[in-house]
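Data block for entry_18.txt (compact mmCIF, C-alpha atoms):
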```txt
# COMPACT_ATOMS: atom_id res chain seq x y z
CA MET A 53 -100.75 35.33 34.37
CA ASN A 54 -101.36 32.99 31.46
CA ARG A 55 -104.52 30.94 31.28
CA ILE A 56 -105.90 28.50 28.75
CA VAL A 57 -109.06 29.72 27.06
CA VAL A 58 -111.54 27.96 24.79
CA PRO A 59 -113.95 29.43 22.22
CA GLY A 60 -116.58 31.53 23.96
CA ASP A 61 -114.52 32.27 27.07
CA LEU A 62 -114.62 35.81 28.37
CA LEU A 63 -111.25 37.53 27.99
CA ALA A 64 -111.98 41.05 29.14
CA ASP A 65 -114.88 43.29 30.08
CA ALA A 66 -113.68 45.91 27.63
CA PRO A 67 -113.45 45.60 23.86
CA ILE A 68 -109.88 44.74 22.84
CA SER A 69 -109.14 44.33 19.18
CA ILE A 70 -106.77 41.38 18.86
CA GLU A 71 -106.74 38.49 16.47
CA ASN A 72 -108.99 35.46 17.02
CA THR A 73 -111.38 37.24 19.34
CA LEU A 74 -114.96 38.39 19.15
CA ILE A 75 -116.40 41.57 20.51
CA TYR A 76 -119.96 41.18 21.67
CA ASP A 77 -121.83 43.61 23.83
CA ASN A 78 -118.60 45.59 24.49
CA LYS A 79 -116.91 42.52 25.92
CA THR A 80 -114.13 40.47 24.39
CA TYR A 81 -114.46 36.72 23.95
CA SER A 82 -111.99 34.16 22.64
CA ALA A 83 -112.76 32.44 19.35
CA ILE A 84 -110.06 29.79 19.67
CA LEU A 85 -108.29 27.41 21.98
CA GLY A 86 -105.35 29.49 23.15
CA MET A 87 -103.27 31.01 25.93
CA TYR A 88 -104.44 34.40 27.11
CA ASP A 89 -102.26 36.76 29.07
CA ASP A 90 -104.40 39.10 31.16
CA GLU A 91 -101.65 41.67 31.65
CA LYS A 92 -100.14 41.83 28.19
CA LYS A 93 -103.52 41.29 26.53
CA THR A 94 -102.21 38.71 24.10
CA LEU A 95 -103.96 35.63 22.84
CA ILE A 96 -101.69 32.92 21.46
CA PRO A 97 -103.37 30.05 19.59
CA LEU A 98 -102.53 26.54 20.77
CA GLU A 99 -103.76 24.81 17.62
CA GLY A 100 -104.79 25.79 14.16
CA THR A 101 -103.73 26.38 10.63
CA TRP A 102 -101.27 28.89 9.32
CA ASN A 103 -102.63 32.29 8.37
CA PRO A 104 -100.33 33.63 5.64
CA ARG A 105 -98.92 37.14 5.95
CA ARG A 106 -96.82 39.13 3.56
CA GLY A 107 -93.07 38.77 4.00
CA GLU A 108 -93.13 35.54 5.98
CA THR A 109 -90.62 32.82 5.20
CA VAL A 110 -92.10 29.49 4.19
CA ILE A 111 -90.79 26.08 3.22
CA GLY A 112 -92.74 24.56 0.36
CA ILE A 113 -92.69 21.43 -1.75
CA ILE A 114 -93.39 21.72 -5.46
CA ASP A 115 -96.44 19.62 -6.28
CA GLU A 116 -97.12 20.78 -9.80
CA ALA A 117 -94.70 22.10 -12.40
CA ARG A 118 -96.10 24.07 -15.32
CA PRO A 119 -94.11 25.84 -18.09
CA SER A 120 -94.44 29.27 -16.51
CA SER A 121 -95.33 28.62 -12.90
CA TYR A 122 -95.16 26.15 -10.05
CA SER A 123 -97.78 25.16 -7.59
CA VAL A 124 -96.34 24.80 -4.10
CA ASP A 125 -97.65 22.71 -1.23
CA LEU A 126 -97.41 24.79 1.94
CA ASN A 127 -98.82 22.40 4.55
CA SER A 128 -101.85 24.64 4.80
CA PRO A 129 -105.30 24.94 3.22
CA PHE A 130 -103.93 27.56 0.87
CA LYS A 131 -101.95 26.82 -2.26
CA GLY A 132 -98.65 28.56 -3.02
CA MET A 133 -97.83 29.87 -6.46
CA LEU A 134 -94.37 30.56 -7.80
CA ILE A 135 -93.69 32.28 -11.15
CA ALA A 136 -91.03 30.29 -12.99
CA ARG A 137 -89.04 33.23 -14.33
CA PHE A 138 -88.30 34.42 -10.78
CA VAL A 139 -86.62 31.14 -9.94
CA SER A 140 -83.01 30.72 -10.94
CA SER A 141 -82.93 26.91 -11.11
CA ARG A 142 -85.38 24.58 -12.76
CA LEU A 143 -87.55 22.85 -10.18
CA GLN A 144 -89.15 19.44 -10.30
CA ILE A 145 -92.11 17.96 -8.50
CA GLY A 146 -90.87 17.20 -5.01
CA SER A 147 -88.23 19.95 -4.94
CA VAL A 148 -88.03 21.74 -1.61
CA VAL A 149 -87.93 25.52 -1.72
CA GLU A 150 -87.52 28.29 0.76
CA ALA A 151 -89.50 31.36 -0.25
CA LYS A 152 -91.12 34.51 1.03
CA VAL A 153 -94.78 35.42 0.82
CA LYS A 154 -95.14 38.15 -1.78
CA GLU A 155 -98.84 38.70 -1.65
CA LEU A 156 -102.19 37.06 -1.10
CA ASP A 157 -105.09 37.34 -3.45
CA GLU A 158 -108.69 37.41 -2.36
CA THR A 159 -109.05 33.65 -2.59
CA LYS A 160 -105.93 33.36 -0.42
CA THR A 161 -103.66 31.92 -3.07
CA VAL A 162 -100.20 32.62 -1.70
CA MET A 163 -97.91 34.26 -4.25
CA LEU A 164 -94.29 33.53 -3.42
CA MET A 165 -91.01 35.30 -4.20
CA TYR A 166 -87.27 34.94 -3.58
CA ALA A 167 -87.51 31.18 -3.99
CA LYS A 168 -84.37 29.25 -3.25
CA LYS A 169 -84.03 25.54 -3.87
CA LEU A 170 -82.89 23.54 -0.86
CA TYR A 171 -80.72 20.49 -1.44
CA GLY A 172 -80.79 17.45 0.82
CA GLY A 173 -81.62 17.90 4.47
CA LYS A 174 -84.57 16.67 6.43
CA ILE A 175 -88.04 18.15 6.72
CA ILE A 176 -90.29 17.98 9.74
CA ASP A 177 -93.83 19.25 9.89
CA ILE A 178 -95.05 20.77 13.13
CA PRO A 179 -98.35 22.45 14.00
CA PRO A 180 -98.06 26.02 12.65
CA ALA A 181 -99.34 27.41 15.95
CA LYS A 182 -96.10 26.28 17.63
CA VAL A 183 -93.73 27.96 15.18
CA PRO A 184 -93.34 31.24 17.13
CA ARG A 185 -92.17 29.23 20.14
CA VAL A 186 -89.64 27.28 18.06
CA ILE A 187 -88.18 30.57 16.84
CA GLY A 188 -88.35 32.17 20.24
CA ARG A 189 -88.32 35.82 21.19
CA GLY A 190 -85.71 37.54 19.04
CA ASN A 191 -84.70 34.19 17.49
CA THR A 192 -83.22 33.03 20.80
CA MET A 193 -84.62 29.53 20.76
CA ILE A 194 -83.65 28.66 17.22
CA GLN A 195 -80.17 30.16 17.65
CA GLN A 196 -79.70 28.05 20.71
CA ILE A 197 -80.61 24.88 18.79
CA THR A 198 -78.40 25.83 15.84
CA GLU A 199 -75.43 26.39 18.16
CA GLY A 200 -76.11 23.28 20.20
CA THR A 201 -76.32 20.95 17.21
CA ASN A 202 -74.23 22.67 14.48
CA SER A 203 -77.12 22.10 12.07
CA SER A 204 -78.39 24.64 9.63
CA ILE A 205 -82.09 25.08 10.26
CA ILE A 206 -84.68 27.04 8.32
CA VAL A 207 -88.06 27.48 9.96
CA GLY A 208 -91.01 28.13 7.68
CA MET A 209 -93.89 30.00 9.27
CA ASN A 210 -96.18 27.43 7.67
CA GLY A 211 -94.98 24.83 10.17
CA ARG A 212 -92.34 23.19 8.04
CA ILE A 213 -88.76 23.01 9.26
CA TRP A 214 -85.73 22.12 7.17
CA ILE A 215 -82.66 20.76 8.97
CA LYS A 216 -79.34 19.91 7.41
CA GLY A 217 -75.98 18.90 8.79
CA GLY A 218 -74.80 18.61 12.38
CA ASP A 219 -76.73 16.53 14.87
CA VAL A 220 -80.05 16.31 12.98
CA ALA A 221 -81.52 13.83 15.45
CA LEU A 222 -80.88 16.09 18.44
CA ALA A 223 -82.24 19.14 16.62
CA THR A 224 -85.40 17.21 15.71
CA GLU A 225 -85.80 15.99 19.25
CA ALA A 226 -85.41 19.51 20.62
CA ILE A 227 -87.97 20.91 18.19
CA LEU A 228 -90.50 18.18 18.93
CA ARG A 229 -90.06 18.81 22.63
CA ILE A 230 -90.73 22.51 22.11
CA VAL A 231 -93.91 21.60 20.22
CA GLU A 232 -95.13 19.47 23.08
CA GLU A 233 -94.28 21.93 25.84
CA ALA A 234 -94.89 25.15 23.91
CA HIS A 235 -97.38 26.53 26.42
CA THR A 236 -95.19 26.13 29.50
CA GLU A 237 -92.81 28.60 31.10
CA GLY A 238 -89.06 28.22 31.40
CA LEU A 239 -88.82 26.23 28.20
CA THR A 240 -85.71 28.00 26.89
CA GLU A 241 -83.74 26.88 29.95
CA ARG A 242 -84.93 23.30 29.68
CA ILE A 243 -83.98 23.12 26.01
CA ALA A 244 -80.57 24.65 26.80
CA GLU A 245 -80.04 21.97 29.43
CA MET A 246 -81.15 19.24 27.03
CA LEU A 247 -78.79 20.42 24.31
CA LYS A 248 -75.88 20.69 26.73
CA GLN A 249 -76.37 17.18 28.08
CA ASN A 250 -76.68 15.55 24.68
CA LYS A 251 -74.02 17.52 22.87
CA LYS A 252 -71.68 15.31 20.89
CA VAL A 253 -67.98 15.81 21.43
CA VAL A 254 -66.39 16.33 18.03
CA MET B 85 -146.07 -6.59 28.64
CA GLU B 86 -148.02 -7.11 25.46
CA ALA B 87 -146.97 -5.87 22.07
CA GLY B 88 -147.74 -2.20 21.59
CA GLU B 89 -148.11 -1.62 25.30
CA LYS B 90 -146.03 1.11 26.88
CA PRO B 91 -143.54 0.04 29.53
CA GLN B 92 -143.73 1.88 32.81
CA LEU B 93 -141.05 4.54 32.55
CA ILE B 94 -141.40 6.14 35.96
CA ILE B 95 -141.49 4.11 39.14
CA ASN B 96 -141.61 5.84 42.54
CA GLY B 97 -140.56 9.14 41.05
CA LYS B 98 -137.43 7.67 39.47
CA ARG B 99 -136.70 6.80 35.88
CA THR B 100 -135.79 3.39 34.44
CA ASP B 101 -132.10 3.86 35.21
CA GLY B 102 -132.72 5.38 38.63
CA ARG B 103 -132.20 8.98 37.60
CA ALA B 104 -134.19 11.98 38.78
CA PHE B 105 -136.18 13.94 36.20
CA ASP B 106 -133.52 16.60 35.77
CA GLU B 107 -130.49 14.37 36.01
CA LEU B 108 -127.98 13.82 33.22
CA ARG B 109 -126.36 10.50 32.51
CA GLU B 110 -122.68 10.22 33.32
CA ILE B 111 -120.58 12.01 30.70
CA LYS B 112 -116.90 11.56 29.93
CA ILE B 113 -115.14 13.51 27.19
CA GLU B 114 -111.62 13.08 25.91
CA ALA B 115 -110.03 15.37 23.32
CA ASN B 116 -107.42 14.52 20.68
CA VAL B 117 -107.84 10.77 20.51
CA LEU B 118 -107.08 10.41 16.80
CA LYS B 119 -103.65 11.28 15.48
CA ASN B 120 -104.47 11.79 11.81
CA ALA B 121 -107.34 14.20 12.39
CA GLU B 122 -106.69 17.89 13.01
CA GLY B 123 -108.97 17.62 16.00
CA SER B 124 -110.95 14.81 17.55
CA ALA B 125 -112.96 13.87 20.59
CA TYR B 126 -114.41 10.78 22.18
CA ILE B 127 -117.49 10.99 24.33
CA GLU B 128 -119.13 8.49 26.60
CA TRP B 129 -122.60 9.69 27.47
CA GLY B 130 -124.28 7.00 29.50
CA ASN B 131 -124.12 4.01 27.20
CA ASN B 132 -123.50 6.14 24.12
CA LYS B 133 -119.98 5.91 22.77
CA ILE B 134 -119.21 8.36 20.02
CA LEU B 135 -116.11 9.46 18.14
CA ALA B 136 -115.93 12.83 16.44
CA ALA B 137 -113.16 13.87 14.07
CA VAL B 138 -112.46 17.14 12.29
CA TYR B 139 -110.36 17.52 9.17
CA GLY B 140 -109.47 20.86 7.69
CA PRO B 141 -109.74 23.67 6.91
CA LYS B 142 -108.56 22.27 3.61
CA GLU B 143 -109.13 23.00 -0.05
CA ALA B 144 -112.80 22.38 -0.87
CA LEU B 145 -113.09 19.68 -3.51
CA PRO B 146 -114.68 19.28 -6.01
CA LYS B 147 -114.02 22.90 -6.97
CA HIS B 148 -117.66 23.75 -7.72
CA VAL B 149 -118.73 23.22 -4.10
CA ALA B 150 -116.21 25.80 -2.85
CA ASP B 151 -117.48 29.19 -1.81
CA PRO B 152 -114.96 31.95 -2.65
CA GLU B 153 -116.11 34.03 0.30
CA ARG B 154 -116.30 31.57 3.14
CA ALA B 155 -115.57 28.02 4.18
CA ILE B 156 -118.11 25.29 3.74
CA VAL B 157 -118.90 22.74 6.44
CA LYS B 158 -119.43 19.10 5.63
CA CYS B 159 -120.80 16.78 8.23
CA ARG B 160 -121.26 13.05 8.28
CA TYR B 161 -123.11 11.38 11.10
CA ALA B 162 -123.08 7.60 10.92
CA MET B 163 -123.96 4.73 13.17
CA ALA B 164 -121.71 1.72 13.18
CA PRO B 165 -123.46 -1.51 12.14
CA PHE B 166 -122.82 -2.88 15.62
CA SER B 167 -123.92 0.24 17.49
CA SER B 168 -127.42 -0.80 18.39
CA LEU B 169 -129.58 -3.82 19.05
CA GLU B 170 -132.23 -2.73 16.63
CA GLU B 171 -132.85 -1.29 13.20
CA HIS B 172 -130.39 1.61 13.54
CA GLY B 173 -127.53 -0.77 13.12
CA ARG B 174 -127.71 -0.51 9.37
CA SER B 175 -124.49 0.78 7.95
CA GLY B 176 -124.21 3.63 5.49
CA PRO B 177 -126.22 6.79 4.97
CA ASN B 178 -129.91 6.23 5.48
CA ARG B 179 -132.68 8.77 5.76
CA ARG B 180 -132.17 9.30 9.47
CA ALA B 181 -128.38 9.72 9.23
CA THR B 182 -128.75 12.20 6.37
CA GLU B 183 -131.12 14.29 8.43
CA ILE B 184 -128.88 14.29 11.49
CA SER B 185 -125.87 15.18 9.35
CA LYS B 186 -127.78 18.15 8.01
CA VAL B 187 -128.95 19.52 11.34
CA THR B 188 -125.49 19.01 12.86
CA ARG B 189 -123.92 20.84 9.95
CA GLU B 190 -126.26 23.75 10.49
CA VAL B 191 -125.33 23.94 14.18
CA PHE B 192 -121.69 24.40 13.29
CA GLU B 193 -122.26 26.68 10.30
CA ASN B 194 -123.64 29.11 12.84
CA VAL B 195 -120.70 29.05 15.24
CA ILE B 196 -117.59 28.58 13.07
CA LEU B 197 -116.12 31.86 11.80
CA LEU B 198 -116.41 30.73 8.19
CA ASP B 199 -115.17 33.91 6.53
CA LYS B 200 -111.64 33.25 7.79
CA PHE B 201 -111.18 30.39 5.33
CA PRO B 202 -112.52 31.29 1.89
CA GLY B 203 -112.63 28.40 -0.56
CA CYS B 204 -111.97 25.82 2.13
CA SER B 205 -113.97 23.03 3.62
CA ILE B 206 -114.15 21.86 7.20
CA ASP B 207 -115.16 18.22 7.48
CA ILE B 208 -116.81 16.86 10.60
CA PHE B 209 -117.25 13.14 11.10
CA ILE B 210 -119.40 11.74 13.88
CA GLU B 211 -119.26 8.00 14.27
CA VAL B 212 -121.59 6.33 16.75
CA LEU B 213 -119.95 3.20 18.13
CA GLN B 214 -122.63 2.35 20.66
CA SER B 215 -126.00 3.97 20.90
CA ASP B 216 -128.50 4.41 23.69
CA GLY B 217 -130.65 7.38 22.75
CA GLY B 218 -129.64 11.00 22.37
CA THR B 219 -126.75 10.31 20.01
CA ARG B 220 -127.28 13.44 17.95
CA ALA B 221 -126.96 15.58 21.05
CA ALA B 222 -123.88 13.70 22.21
CA GLY B 223 -122.49 13.92 18.69
CA VAL B 224 -122.82 17.71 18.60
CA THR B 225 -121.21 17.99 22.03
CA ALA B 226 -118.26 15.85 20.95
CA ALA B 227 -117.89 17.57 17.57
CA ALA B 228 -117.71 20.96 19.29
CA VAL B 229 -114.74 19.72 21.34
CA ALA B 230 -113.12 18.26 18.22
CA LEU B 231 -113.48 21.56 16.35
CA ALA B 232 -111.97 23.55 19.20
CA ALA B 233 -109.13 21.04 19.46
CA ALA B 234 -108.49 21.52 15.75
CA GLY B 235 -107.94 25.22 16.41
CA ILE B 236 -110.86 26.29 14.27
CA PRO B 237 -112.12 29.73 15.29
CA MET B 238 -115.66 29.59 16.62
CA SER B 239 -117.90 32.15 18.21
CA ASP B 240 -118.75 29.69 20.95
CA LEU B 241 -118.46 26.12 22.16
CA PRO B 242 -121.95 24.71 21.61
CA TYR B 243 -123.45 21.81 23.51
CA ALA B 244 -126.54 19.73 22.96
CA VAL B 245 -128.80 17.62 25.14
CA SER B 246 -132.30 16.33 24.77
CA ALA B 247 -135.31 16.93 26.95
CA GLY B 248 -138.66 15.20 26.76
CA LYS B 249 -141.96 14.40 28.32
CA ILE B 250 -142.92 11.21 30.07
CA GLY B 251 -146.54 11.23 31.15
CA ASP B 252 -146.94 14.64 32.76
CA ASN B 253 -143.30 15.05 33.66
CA ILE B 254 -140.68 17.03 31.76
CA VAL B 255 -137.43 15.10 31.91
CA LEU B 256 -133.87 15.65 30.80
CA ASP B 257 -131.59 13.48 28.65
CA LEU B 258 -133.74 10.58 27.48
CA ASN B 259 -132.18 7.18 26.98
CA LYS B 260 -133.27 4.78 24.27
CA ILE B 261 -136.21 3.16 25.98
CA GLU B 262 -137.52 6.51 27.22
CA ASP B 263 -137.02 7.97 23.78
CA ASN B 264 -139.04 5.18 22.14
CA TYR B 265 -141.98 5.31 24.54
CA SER B 266 -142.01 8.92 25.72
CA ASP B 267 -144.68 11.44 24.79
CA ALA B 268 -142.17 13.91 23.39
CA ASP B 269 -138.45 14.13 22.69
CA VAL B 270 -136.76 17.49 22.11
CA PRO B 271 -133.05 17.57 21.25
CA VAL B 272 -131.66 21.07 21.69
CA ALA B 273 -128.27 22.56 20.85
CA ILE B 274 -127.34 25.81 22.52
CA SER B 275 -124.59 28.37 22.30
CA PRO B 276 -123.89 28.88 26.02
CA ARG B 277 -122.39 32.37 25.71
CA THR B 278 -125.46 33.94 24.18
CA GLY B 279 -128.08 31.32 24.98
CA GLU B 280 -128.98 31.09 21.29
CA VAL B 281 -130.72 27.91 20.18
CA LEU B 282 -128.80 26.29 17.33
CA LEU B 283 -130.87 23.15 16.97
CA LEU B 284 -134.35 22.31 18.14
CA GLN B 285 -136.31 19.34 16.94
CA MET B 286 -139.48 18.03 18.47
CA ASP B 287 -140.80 14.53 18.17
CA GLY B 288 -144.19 14.45 19.89
CA ASN B 289 -146.27 17.24 21.34
CA LEU B 290 -145.51 19.77 24.05
CA THR B 291 -147.45 22.81 25.16
CA LYS B 292 -145.77 26.20 25.19
CA GLU B 293 -145.25 26.01 28.97
CA GLU B 294 -143.84 22.50 28.76
CA LEU B 295 -141.40 23.56 26.06
CA SER B 296 -140.09 26.47 28.11
CA LYS B 297 -139.75 24.14 31.08
CA ALA B 298 -137.79 21.71 28.88
CA LEU B 299 -135.52 24.51 27.65
CA ALA B 300 -134.89 25.61 31.22
CA LEU B 301 -133.78 22.06 32.10
CA VAL B 302 -131.51 22.01 29.06
CA LYS B 303 -129.86 25.31 29.97
CA GLU B 304 -129.30 24.18 33.55
CA ALA B 305 -127.69 20.94 32.33
CA GLY B 306 -125.61 22.97 29.89
CA LYS B 307 -123.48 24.33 32.72
CA THR B 308 -122.32 20.81 33.55
CA ILE B 309 -121.75 19.83 29.92
CA THR B 310 -119.84 23.02 29.06
CA LYS B 311 -117.57 22.46 32.03
CA LEU B 312 -116.82 18.90 30.90
CA GLN B 313 -116.07 20.13 27.37
CA LYS B 314 -113.65 22.77 28.62
CA ASP B 315 -111.95 20.33 30.97
CA ALA B 316 -111.43 17.90 28.11
CA LEU B 317 -109.80 20.59 25.99
CA LYS B 318 -107.53 21.89 28.73
CA ARG B 319 -106.57 18.58 30.34
CA ASP B 320 -103.59 17.65 28.14
CA TYR B 321 -102.06 21.11 28.32
CA GLU B 322 -102.53 21.44 32.03
CA LYS B 323 -100.89 18.07 32.62
CA ILE B 324 -97.71 19.30 30.97
CA THR B 325 -97.88 22.65 32.73
CA GLU B 326 -98.22 20.92 36.09
CA LYS B 327 -95.26 18.68 35.36
CA TYR B 328 -92.90 21.63 35.10
CA LYS B 329 -94.46 23.87 37.71
CA LYS B 330 -93.33 21.75 40.66
CA ARG B 331 -89.66 21.86 39.82
```
Write the structure described by the file as structure tokens, please.
Amino acid sequence: MNRIVVPGDLLADAPISIENTLIYDNKTYSAILGMYDDEKKTLIPLEGTWNPRRGETVIGIIDEARPSSYSVDLNSPFKGMLIARFVSSRLQIGSVVEAKVKELDETKTVMLMYAKKLYGGKIIDIPPAKVPRVIGRGNTMIQQITEGTNSSIIVGMNGRIWIKGGDVALATEAILRIVEEAHTEGLTERIAEMLKQNKKVV
Amino acid sequence: MEAGEKPQLIINGKRTDGRAFDELREIKIEANVLKNAEGSAYIEWGNNKILAAVYGPKEALPKHVADPERAIVKCRYAMAPFSSLEEHGRSGPNRRATEISKVTREVFENVILLDKFPGCSIDIFIEVLQSDGGTRAAGVTAAAVALAAAGIPMSDLPYAVSAGKIGDNIVLDLNKIEDNYSDADVPVAISPRTGEVLLLQMDGNLTKEELSKALALVKEAGKTITKLQKDALKRDYEKITEKYKKR
């Protein structure tokens, strides 16, 4: 059974080593506002910033262009860095790129790789804590939206989503609804219903 | 009443606003009231009305204040010019506001897991809209909710409340008039999980026994305050959960 926990709430009487928890006196306490599942022993944050991990896909906006590198805004406290010779096209300030996290240094500067410039489209920012729900287990949720709206959608783990083509308005609406109801059960079915009802006949 | 004379603060065993010695004022907390802040809270504590907002973690600027190993906490406590009838209603940082900002910052430096955000800053703003004594305690209580609502990892959800001494009685949660004429005023912030004291200031004199009695009152009141803080954080989520449960 899922329950909402706040910092300092007791999760378990035994020490469990999961992210965003504290172990004190052989007991596990939550350090964040999140959903805790007593059976699966998982703690999912409800709010918070993105914690970069190697290999994750991100959507960034170039905010500084230097001769050999670019600084990338990642909608997070940490700055992204992109080496210019690994990028095939010349980027300008404001260019939108899809990239993967290559590595993090000790000051948490995010080194990026496999950058690809994205043309056109629409960007929405959502709280990074809701991204896993937008993607869904095994990509089910995002596939469902893509099929229901015929849009191409790229979800950055940093909470930035790029949508192009198809019914952009419906896709945005669906994503914002997922953000709002992320902590509830049966969301996939409700979104499926919503997409079916609003589907445009082409 | 002549100038300099103390008003009578306890009549028939009740305080000026009819409370018992160990009774809190009415407290209402609401989380996420400001859209632009990462986390925010609004608290009504008796006649106190206070907004707390949290921005960050974000890049610490200017660069020289950043700590490469942990986040830094900035805190600004301010009273609105219209918040009080008396001298506190001066806008801008004065000596008192600077002190309260500092002690509040130290409360949160001890509960936020700072090493998760190296080189970042977490900014806490506490704005007193209407004051009636005990604003620093109410400010800490609201800021704790705002920080949790911002998703910032903390070792605990701290609360604060003041205790004091009127005549020979140890009382809880002093309002402005009691604060001005009491024999002692002790604001305390506590981490409820461990019972650690995060803030303790004392204006006036208390004996050792009186202080432990005051702390006991504070800890008892903490149960109520912690519950209100948790309710405020969970309320919005539970509303949506409820909406879909019935179907």
- Task: Give as a list in words every residue, naming chains and numbers as the document does, that has an atom within 12 Å of (-129.3, 9.1, 35.2), counting only C-alpha atoms.
- Result: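 Residues with an atom close enough to that point: Lys98, Arg99, Thr100, Asp101, Gly102, Arg103, Ala104, Phe105, Asp106, Glu107, Leu108, Arg109, Glu110, Ile111, Trp129, Gly130, Asn131, Val255, Leu256, Asp257, Leu258, Asn259 and Glu262 of chain B.
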- Nearest residue to chain A from the set B:Lys133, B:Lys311, B:Lys327, B:Arg277 (distances using all atoms listed in the file):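 Among the listed residues, the smallest separation from chain A belongs to B:Arg277.
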Find the residues of chain B that sit at most 8 Å from chain A; for each, write down the nearest two atoms and how far apart they are in Å, to one decimal. Count all atoms listed in the file. Sort by chain, then by number going up, and give it as a Markdown table.
```
| residue | atom | partner | partner_atom | distance |
| --- | --- | --- | --- | --- |
| B:Gly140 | CA | A:Pro129 | CA | 7.3 |
| B:Pro141 | CA | A:Pro129 | CA | 5.9 |
| B:Lys142 | CA | A:Pro129 | CA | 4.2 |
| B:Glu143 | CA | A:Pro129 | CA | 5.4 |
| B:Pro152 | CA | A:Thr159 | CA | 6.1 |
| B:Glu153 | CA | A:Thr159 | CA | 7.6 |
| B:Pro202 | CA | A:Thr159 | CA | 6.1 |
| B:Gly203 | CA | A:Thr159 | CA | 6.7 |
| B:Cys204 | CA | A:Pro129 | CA | 6.8 |
| B:Ala232 | CA | A:Leu85 | CA | 6.0 |
| B:Ala233 | CA | A:Glu99 | CA | 6.8 |
| B:Ala234 | CA | A:Gly100 | CA | 5.9 |
| B:Gly235 | CA | A:Gly100 | CA | 3.9 |
| B:Ile236 | CA | A:Gly100 | CA | 6.1 |
| B:Pro237 | CA | A:Ile84 | CA | 4.8 |
| B:Met238 | CA | A:Ala83 | CA | 4.9 |
| B:Ser239 | CA | A:Ala83 | CA | 5.3 |
| B:Asp240 | CA | A:Gly60 | CA | 4.1 |
| B:Leu241 | CA | A:Pro59 | CA | 5.6 |
| B:Arg277 | CA | A:Gly60 | CA | 6.1 |
| B:Lys314 | CA | A:Val58 | CA | 6.8 |
| B:Leu317 | CA | A:Val58 | CA | 7.7 |
| B:Lys318 | CA | A:Ile56 | CA | 6.8 |
| B:Tyr321 | CA | A:His235 | CA | 7.4 |
| B:Ile324 | CA | A:Glu233 | CA | 6.7 |
| B:Thr325 | CA | A:Thr236 | CA | 5.5 |
| B:Tyr328 | CA | A:Thr236 | CA | 7.5 |
```
- Message: Could you tell me how far atom CA of Tyr88 of chain A sits from atom CA of Leu63 of chain A, in Å to one decimal place?
- Response: 7.5 Å
- Message: Rounded to one decimal, what separation in Å do you get between atom CA of Ala164 of chain B and atom CA of Lys260 of chain B?
- Response: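 We find that atom CA of Ala164 of chain B and atom CA of Lys260 of chain B lie 16.3 Å from each other.
Summary of the local environment: counting only C-alpha atoms, residues at most 7 Å from Leu126 of chain A, other than itself and those fewer than 2 positions away along its chain, are Ile111, Gly112, Ile113, Val124, Ser128, Lys131, Gly132 and Asn210 of chain A.
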- Task: With a distance cut-off of 8 Å and all atoms listed in the file, select the neighbouring residues of segment 290-297 of chain B, excluding the residue or stretch itself and same-chain residues fewer than 2 positions from it, and output the selection as a VMD selection string.
- Result: chain B and resid 249 254 268 288 299 to 301
Put those residues in a file: C-alpha atoms, as a JSON list (two decimals), keeping the file's coordinate frame.
```
[["chain", "number", "residue", "atom", "x", "y", "z"],
["B", 249, "LYS", "CA", -141.96, 14.40, 28.32],
["B", 254, "ILE", "CA", -140.68, 17.03, 31.76],
["B", 268, "ALA", "CA", -142.17, 13.91, 23.39],
["B", 288, "GLY", "CA", -144.19, 14.45, 19.89],
["B", 299, "LEU", "CA", -135.52, 24.51, 27.65],
["B", 300, "ALA", "CA", -134.89, 25.61, 31.22],
["B", 301, "LEU", "CA", -133.78, 22.06, 32.10]]
```
- Using all atoms listed in the file: which of A:Arg118, A:Lys182, A:Arg229, A:Lys251 has the shortest distance to Thr198 of chain A: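 Distance minimum relative to Thr198 of chain A lands on A:Lys251.
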- Message: So the first atom is atom CA of Ile309 of chain B and the second is atom CA of Glu114 of chain B; what is the distance between them in Å, to one decimal place?
- Response: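 Between atom CA of Ile309 of chain B and atom CA of Glu114 of chain B the gap is 12.8 Å.
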- Message: With all atoms listed in the file as the counted atoms, please give the residues lying no more than 7 Å from Ala230 of chain B, apart from itself and same-chain residues fewer than 2 positions off, as a list in words.
- Response: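 Skipping anything fewer than 2 positions along the chain leaves Ala115, Gly123, Ser124, Ala125, Ala136, Ala137, Val138, Ala226, Ala227, Ala228, Ala232, Ala233 and Ala234 of chain B.
Using all atoms listed in the file, the set of residues no farther than 8 Å from the position (-94.6, 20.0, 10.0) comprises Asn127, Ile175, Ile176, Asp177, Ile178, Pro179, Pro180, Asn210, Gly211, Arg212 and Ile213 of chain A.
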- Message: I'd like the neighbourhood of Met246 of chain A as a PyMOL selection string, where a residue qualifies if any of its atoms comes within 12 Å (using all atoms listed in the file), though same-chain residues fewer than 2 positions away should be ignored.
- Response: chain A and resi 196-197+200-201+222-223+225-227+229-230+239-244+248-252
- If we count all atoms listed in the file, what is near Ser121 of chain A at a cut-off of 6 Å, once residues fewer than 3 positions away on the same chain are taken out, given as a list in words?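 So the residues in contact are Arg118, Leu134, Ile135 and Ala136 of chain A.
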Could you save those same residues with C-alpha atoms as a short mmCIF file (atom, residue, chain, number, x, y, z; two decimals), in the coordinates of the input?
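The result, written out as part_26.cif:
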```cif
data_model
loop_
_atom_site.label_atom_id
_atom_site.label_comp_id
_atom_site.auth_asym_id
_atom_site.auth_seq_id
_atom_site.Cartn_x
_atom_site.Cartn_y
_atom_site.Cartn_z
CA ARG A 118 -96.10 24.07 -15.32
CA LEU A 134 -94.37 30.56 -7.80
CA ILE A 135 -93.69 32.28 -11.15
CA ALA A 136 -91.03 30.29 -12.99
#
```
